[in-house]
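With mmCIF, C-alpha atoms and all ligand atoms inside, this is entry-v4.cif:
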```
data_protein
loop_
_atom_site.label_atom_id
_atom_site.label_comp_id
_atom_site.auth_asym_id
_atom_site.auth_seq_id
_atom_site.Cartn_x
_atom_site.Cartn_y
_atom_site.Cartn_z
CA MET A 1 -58.76 41.67 91.10
CA GLU A 2 -58.49 44.93 89.24
CA LYS A 3 -55.68 47.31 88.57
CA GLU A 4 -55.15 50.20 86.21
CA GLY A 5 -55.25 49.13 82.56
CA MET A 6 -56.43 45.63 83.33
CA TYR A 7 -59.70 43.84 84.02
CA MET A 8 -59.26 40.12 84.56
CA ASP A 9 -57.42 38.95 81.44
CA PHE A 10 -57.90 42.11 79.39
CA TYR A 11 -55.08 44.60 78.98
CA VAL A 12 -55.12 47.89 77.16
CA THR A 13 -52.35 47.50 74.59
CA GLY A 14 -50.32 49.92 72.53
CA THR A 15 -52.34 48.81 69.51
CA LEU A 16 -55.59 49.84 71.16
CA ILE A 17 -54.09 53.19 72.13
CA TRP A 18 -53.10 53.65 68.47
CA TYR A 19 -56.63 53.03 67.25
CA TYR A 20 -58.21 55.04 70.03
CA TYR A 21 -56.72 58.13 68.41
CA ILE A 22 -57.99 57.07 64.98
CA CYS A 23 -61.48 55.73 65.61
CA LYS A 24 -63.14 54.65 68.84
CA ARG A 25 -65.48 52.31 67.01
CA GLN A 26 -62.46 50.51 65.59
CA VAL A 27 -61.17 49.98 69.15
CA TRP A 28 -64.34 48.08 70.02
CA LEU A 29 -64.35 46.06 66.77
CA LEU A 30 -60.73 45.02 67.23
CA ALA A 31 -61.08 44.21 70.90
CA HIS A 32 -64.09 42.05 70.14
CA GLY A 33 -62.13 39.94 67.72
CA MET A 34 -63.57 41.34 64.53
CA GLU A 35 -60.34 41.07 62.64
CA ALA A 36 -61.00 42.44 59.20
CA ASP A 37 -57.53 41.83 57.78
CA GLN A 38 -55.43 39.13 59.39
CA GLU A 39 -52.34 40.21 57.47
CA ASP A 40 -52.27 43.70 58.84
CA GLU A 41 -49.86 43.64 61.73
CA ASN A 42 -51.64 46.51 63.38
CA ILE A 43 -54.86 44.55 63.40
CA ARG A 44 -53.80 41.91 65.85
CA ILE A 45 -54.69 42.27 69.47
CA GLY A 46 -55.41 40.15 72.45
CA ARG A 47 -52.01 38.47 72.48
CA LEU A 48 -51.28 38.29 76.14
CA ILE A 49 -47.66 37.78 76.92
CA GLY A 50 -47.33 36.09 80.26
CA GLU A 51 -44.06 37.58 81.34
CA THR A 52 -43.00 41.15 81.47
CA SER A 53 -39.42 41.28 80.39
CA TYR A 54 -36.70 43.82 80.08
CA GLU A 55 -33.38 42.48 78.92
CA ARG A 56 -30.41 44.78 78.66
CA GLU A 57 -28.79 42.82 75.86
CA LYS A 58 -31.79 43.02 73.57
CA LYS A 59 -32.50 45.97 71.35
CA GLU A 60 -36.20 45.37 71.54
CA ILE A 61 -38.33 45.70 74.62
CA ASP A 62 -41.25 43.35 74.85
CA ILE A 63 -43.81 44.04 77.56
CA ALA A 64 -47.27 42.60 78.03
CA THR A 65 -48.86 45.58 76.34
CA GLY A 66 -46.62 45.93 73.30
CA LYS A 67 -43.20 45.96 71.70
CA PHE A 68 -40.89 48.79 70.83
CA ASP A 69 -37.24 49.42 70.08
CA VAL A 70 -34.44 50.73 72.20
CA MET A 71 -32.84 53.53 70.22
CA ARG A 72 -29.97 54.26 72.60
CA ARG A 73 -29.02 55.01 76.16
CA GLU A 74 -28.55 58.46 77.57
CA GLY A 75 -26.81 57.97 80.89
CA GLU A 76 -29.17 56.03 83.09
CA ASN A 77 -32.13 56.73 80.82
CA LEU A 78 -33.33 54.77 77.86
CA VAL A 79 -34.48 56.30 74.62
CA VAL A 80 -37.14 54.08 73.07
CA GLY A 81 -39.12 54.54 69.94
CA GLU A 82 -39.93 53.52 66.47
CA ILE A 83 -39.08 54.19 62.86
CA LYS A 84 -42.06 54.93 60.64
CA LYS A 85 -42.47 55.24 56.90
CA SER A 86 -44.55 58.39 56.96
CA SER A 87 -45.99 60.92 59.34
CA ARG A 88 -49.56 60.04 58.35
CA PHE A 89 -50.29 58.46 61.71
CA VAL A 90 -47.91 60.54 63.73
CA GLU A 91 -50.49 61.49 66.34
CA SER A 92 -51.39 57.88 67.06
CA ALA A 93 -47.76 56.78 66.98
CA GLY A 94 -46.85 59.52 69.43
CA LYS A 95 -49.63 58.62 71.85
CA GLN A 96 -48.66 54.97 71.59
CA LEU A 97 -45.10 55.89 72.47
CA LEU A 98 -46.29 57.92 75.46
CA PHE A 99 -48.31 54.90 76.55
CA TYR A 100 -45.15 52.78 76.46
CA LEU A 101 -43.23 55.43 78.40
CA TYR A 102 -45.99 55.29 81.00
CA GLN A 103 -45.84 51.49 81.11
CA LEU A 104 -42.08 51.65 81.60
CA LYS A 105 -42.51 54.22 84.34
CA THR A 106 -44.82 51.88 86.26
CA MET A 107 -41.97 49.35 86.11
CA GLY A 108 -39.53 51.90 87.50
CA ILE A 109 -37.83 52.55 84.16
CA GLU A 110 -37.31 56.15 83.12
CA ALA A 111 -37.35 56.56 79.35
CA LYS A 112 -37.81 59.08 76.61
CA GLY A 113 -39.47 58.48 73.27
CA GLU A 114 -38.32 59.13 69.75
CA LEU A 115 -40.21 58.73 66.52
CA LEU A 116 -38.11 58.73 63.38
CA ILE A 117 -39.39 59.18 59.85
CA PRO A 118 -36.22 58.89 57.74
CA GLU A 119 -37.98 59.31 54.39
CA GLU A 120 -39.29 62.68 55.49
CA ARG A 121 -36.17 63.52 57.51
CA LYS A 122 -38.33 64.08 60.56
CA LYS A 123 -37.75 63.27 64.19
CA PHE A 124 -40.28 63.72 66.99
CA LEU A 125 -39.27 63.60 70.63
CA PHE A 126 -41.58 62.61 73.48
CA THR A 127 -41.29 62.87 77.23
CA LEU A 128 -43.89 61.78 79.69
CA ASP A 129 -44.75 64.94 81.56
CA GLU A 130 -47.62 65.43 83.99
CA GLU A 131 -50.07 66.44 81.29
CA SER A 132 -49.29 63.61 78.89
CA GLU A 133 -49.39 61.05 81.69
CA LYS A 134 -52.82 62.33 82.67
CA GLU A 135 -53.98 62.05 79.07
CA ILE A 136 -52.69 58.49 78.71
CA LYS A 137 -54.35 57.41 81.95
CA LYS A 138 -57.61 58.92 80.72
CA ALA A 139 -57.27 57.12 77.37
CA ILE A 140 -56.70 53.81 79.18
CA LYS A 141 -59.87 54.30 81.21
CA GLU A 142 -61.89 55.30 78.15
CA ILE A 143 -60.66 52.33 76.14
CA GLU A 144 -61.73 50.02 78.96
CA LYS A 145 -65.13 51.68 78.94
CA ILE A 146 -65.46 51.27 75.16
CA VAL A 147 -64.33 47.64 75.19
CA PHE A 148 -66.62 46.62 78.04
CA SER A 149 -69.59 48.25 76.45
CA PRO A 150 -72.00 45.70 74.89
CA LEU A 151 -72.21 47.59 71.60
CA PRO A 152 -69.64 49.47 69.53
CA PRO A 153 -69.76 53.26 69.41
CA PRO A 154 -71.72 54.50 66.37
CA ALA A 155 -69.83 54.90 63.11
CA VAL A 156 -68.67 58.45 62.58
CA LYS A 157 -67.21 59.36 59.18
CA ASN A 158 -63.60 60.38 59.51
CA LYS A 159 -60.57 60.81 57.27
CA TYR A 160 -59.45 57.21 57.87
CA CYS A 161 -62.69 55.51 56.79
CA GLY A 162 -61.69 55.36 53.13
CA ARG A 163 -58.81 52.98 53.78
CA CYS A 164 -60.21 51.25 56.84
CA ALA A 165 -60.62 47.47 56.73
CA TYR A 166 -64.03 47.89 58.40
CA ALA A 167 -65.39 50.39 55.88
CA GLU A 168 -67.76 47.89 54.32
CA PHE A 169 -68.99 46.76 57.72
CA CYS A 170 -69.62 50.35 58.82
CA TRP A 171 -70.93 51.91 55.65
CA ALA A 172 -72.31 49.23 53.30
S1 LIG A 201 -64.82 52.62 58.64
FE1 LIG A 201 -64.54 54.56 59.71
S2 LIG A 201 -66.07 54.49 61.38
FE2 LIG A 201 -65.77 52.39 60.66
S3 LIG A 201 -64.21 51.53 61.98
FE3 LIG A 201 -63.17 52.30 60.15
S4 LIG A 201 -62.52 54.37 60.68
FE4 LIG A 201 -64.08 53.73 62.18
#
```

Kindly transcribe the structure held in the file into structure tokens.
Ligand code: SF4
Amino acid sequence: MEKEGMYMDFYVTGTLIWYYYICKRQVWLLAHGMEADQEDENIRIGRLIGETSYEREKKEIDIATGKFDVMRREGENLVVGEIKKSSRFVESAGKQLLFYLYQLKTMGIEAKGELLIPEERKKFLFTLDEESEKEIKKAIKEIEKIVFSPLPPPAVKNKYCGRCAYAEFCWA
């Protein structure tokens, strides 16, 4: 049985979307259980939550593919998002948020996204339009392709390598 974003017991998660926009090799390494730093909360994948839940009373939404906060309600719509310390990973964080908006949409929940960076007094707003939905669907397909490939993509030097937990593995 196969459906979008899922092959047997594998789901594309928000975490994998995050890393997809940082380094595709890292997506493969993470998905194959090569956890370089167990303490890093971003480096934990493969937790499959059996139930998809959406509880009105809770401020946090927990779905099979990730967790995020409810910021507020705007009429019938939800505004979901996250608070970050810096805008260093804003591209990844934004794509991750769009992924969650897409996941919510497939459950019949209309939502907007908001990324807040209080220390920089910045706020980024996200809506899932036709173009961004297309991009997220493409990313999901490409992540599946990467993960189901027998070997990781080759290491390509990028601006994140210096602080990457896999740097030694890739470049030693
Ligand atoms: S060290 Fe660089 S190439 Fe290797 S996984 Fe990390 S970011 Fe990717």

Nearby polymer residues, ligand LIG 201 (chain A), at most 8 Å, only C-alpha atoms and all ligand atoms, as a PDB file with C-alpha atoms, keeping the file's coordinate frame:
```
ATOM      1  CA  ILE A  22     -57.990  57.070  64.980  1.00  0.00           C
ATOM      2  CA  CYS A  23     -61.480  55.730  65.610  1.00  0.00           C
ATOM      3  CA  LYS A  24     -63.140  54.650  68.840  1.00  0.00           C
ATOM      4  CA  ARG A  25     -65.480  52.310  67.010  1.00  0.00           C
ATOM      5  CA  GLN A  26     -62.460  50.510  65.590  1.00  0.00           C
ATOM      6  CA  VAL A  27     -61.170  49.980  69.150  1.00  0.00           C
ATOM      7  CA  LEU A  29     -64.350  46.060  66.770  1.00  0.00           C
ATOM      8  CA  PRO A 154     -71.720  54.500  66.370  1.00  0.00           C
ATOM      9  CA  ALA A 155     -69.830  54.900  63.110  1.00  0.00           C
ATOM     10  CA  VAL A 156     -68.670  58.450  62.580  1.00  0.00           C
ATOM     11  CA  LYS A 157     -67.210  59.360  59.180  1.00  0.00           C
ATOM     12  CA  ASN A 158     -63.600  60.380  59.510  1.00  0.00           C
ATOM     13  CA  LYS A 159     -60.570  60.810  57.270  1.00  0.00           C
ATOM     14  CA  TYR A 160     -59.450  57.210  57.870  1.00  0.00           C
ATOM     15  CA  CYS A 161     -62.690  55.510  56.790  1.00  0.00           C
ATOM     16  CA  GLY A 162     -61.690  55.360  53.130  1.00  0.00           C
ATOM     17  CA  ARG A 163     -58.810  52.980  53.780  1.00  0.00           C
ATOM     18  CA  CYS A 164     -60.210  51.250  56.840  1.00  0.00           C
ATOM     19  CA  ALA A 165     -60.620  47.470  56.730  1.00  0.00           C
ATOM     20  CA  TYR A 166     -64.030  47.890  58.400  1.00  0.00           C
ATOM     21  CA  ALA A 167     -65.390  50.390  55.880  1.00  0.00           C
ATOM     22  CA  GLU A 168     -67.760  47.890  54.320  1.00  0.00           C
ATOM     23  CA  PHE A 169     -68.990  46.760  57.720  1.00  0.00           C
ATOM     24  CA  CYS A 170     -69.620  50.350  58.820  1.00  0.00           C
ATOM     25  CA  TRP A 171     -70.930  51.910  55.650  1.00  0.00           C
TER      26      TRP A 171
END
```

d(CA of Glu144 in chain A, CA of Glu130 in chain A) in Å: 21.5 Å

Non-local contacts of Gln96 in chain A (7 Å; only C-alpha atoms; under 6 positions in same chain excluded) as a VMD selection string: chain A and resid 14 17 to 18

Keeping only C-alpha atoms, write the selected residues to a file as a PDB file, in the frame of the given file.
```pdb
ATOM      1  CA  GLY A  14     -50.320  49.920  72.530  1.00  0.00           C
ATOM      2  CA  ILE A  17     -54.090  53.190  72.130  1.00  0.00           C
ATOM      3  CA  TRP A  18     -53.100  53.650  68.470  1.00  0.00           C
TER       4      TRP A  18
END
```

CA of Val70 in chain A to CA of Gly113 in chain A, distance in Å rounded to a single decimal: 9.3 Å

Which residue of A:Thr65, A:Pro150, A:Lys84, A:Arg72 approaches His32 in chain A most closely, using all atoms listed in the file: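 Ranked by minimum distance to His32 in chain A, first place goes to A:Pro150.
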
Within 9 Å of Lys137 in chain A using only C-alpha atoms, minus same-chain residues under 2 positions, as a list in words: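 These residues fall inside the cut-off: Glu4, Gly5, Phe99, Tyr102, Ser132, Glu133, Lys134, Glu135, Ala139, Ile140, Lys141 and Glu142 of chain A.
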
If you keep C-alpha atoms, can you produce a file of those selected residues as a PDB file, in the coordinates of the input?
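Produced file result07.pdb, reproduced below:
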```pdb
ATOM      1  CA  GLU A   4     -55.150  50.200  86.210  1.00  0.00           C
ATOM      2  CA  GLY A   5     -55.250  49.130  82.560  1.00  0.00           C
ATOM      3  CA  PHE A  99     -48.310  54.900  76.550  1.00  0.00           C
ATOM      4  CA  TYR A 102     -45.990  55.290  81.000  1.00  0.00           C
ATOM      5  CA  SER A 132     -49.290  63.610  78.890  1.00  0.00           C
ATOM      6  CA  GLU A 133     -49.390  61.050  81.690  1.00  0.00           C
ATOM      7  CA  LYS A 134     -52.820  62.330  82.670  1.00  0.00           C
ATOM      8  CA  GLU A 135     -53.980  62.050  79.070  1.00  0.00           C
ATOM      9  CA  ALA A 139     -57.270  57.120  77.370  1.00  0.00           C
ATOM     10  CA  ILE A 140     -56.700  53.810  79.180  1.00  0.00           C
ATOM     11  CA  LYS A 141     -59.870  54.300  81.210  1.00  0.00           C
ATOM     12  CA  GLU A 142     -61.890  55.300  78.150  1.00  0.00           C
TER      13      GLU A 142
END
```

Long-range neighbours of Gly66 in chain A as a list in words, 9 Å cut-off, all atoms listed in the file, 5 positions minimum in chain: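 Result of the neighbour search: Thr13, Gly14, Thr15, Ile49, Ile61 and Tyr100 of chain A.
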
Interatomic distance (Å, one decimal) between CA of Tyr21 in chain A and CA of Ser92 in chain A: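 So the two atoms, CA of Tyr21 in chain A and CA of Ser92 in chain A, lie 5.5 Å apart.
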
Given all atoms listed in the file as the counted atoms, nearest of A:Glu114, A:Glu74, A:Asp9, A:Glu119 to Leu98 in chain A: A:Glu114

Counting only C-alpha atoms, the residue of A:Ala31, A:Val12, A:Ile83, A:Ile63 that sits nearest Lys138 in chain A: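 Using only C-alpha atoms, Lys138 in chain A sits closest to A:Val12.
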
Can you report as AutoDock Vina command-line options the centre and edge lengths in Å, to one decimal, of an axis-aligned box around the listed atoms of range 12-27 of chain A padded with 8 Å on each side?
```
--center_x -57.9 --center_y 52.8 --center_z 71.1 --size_x 31.2 --size_y 26.6 --size_z 28.2
```

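Minimum distance to Leu104 in chain A across A:Lys122, A:Lys67, A:Gly75, A:Leu116 (counting all atoms listed in the file) occurs at A:Lys67.
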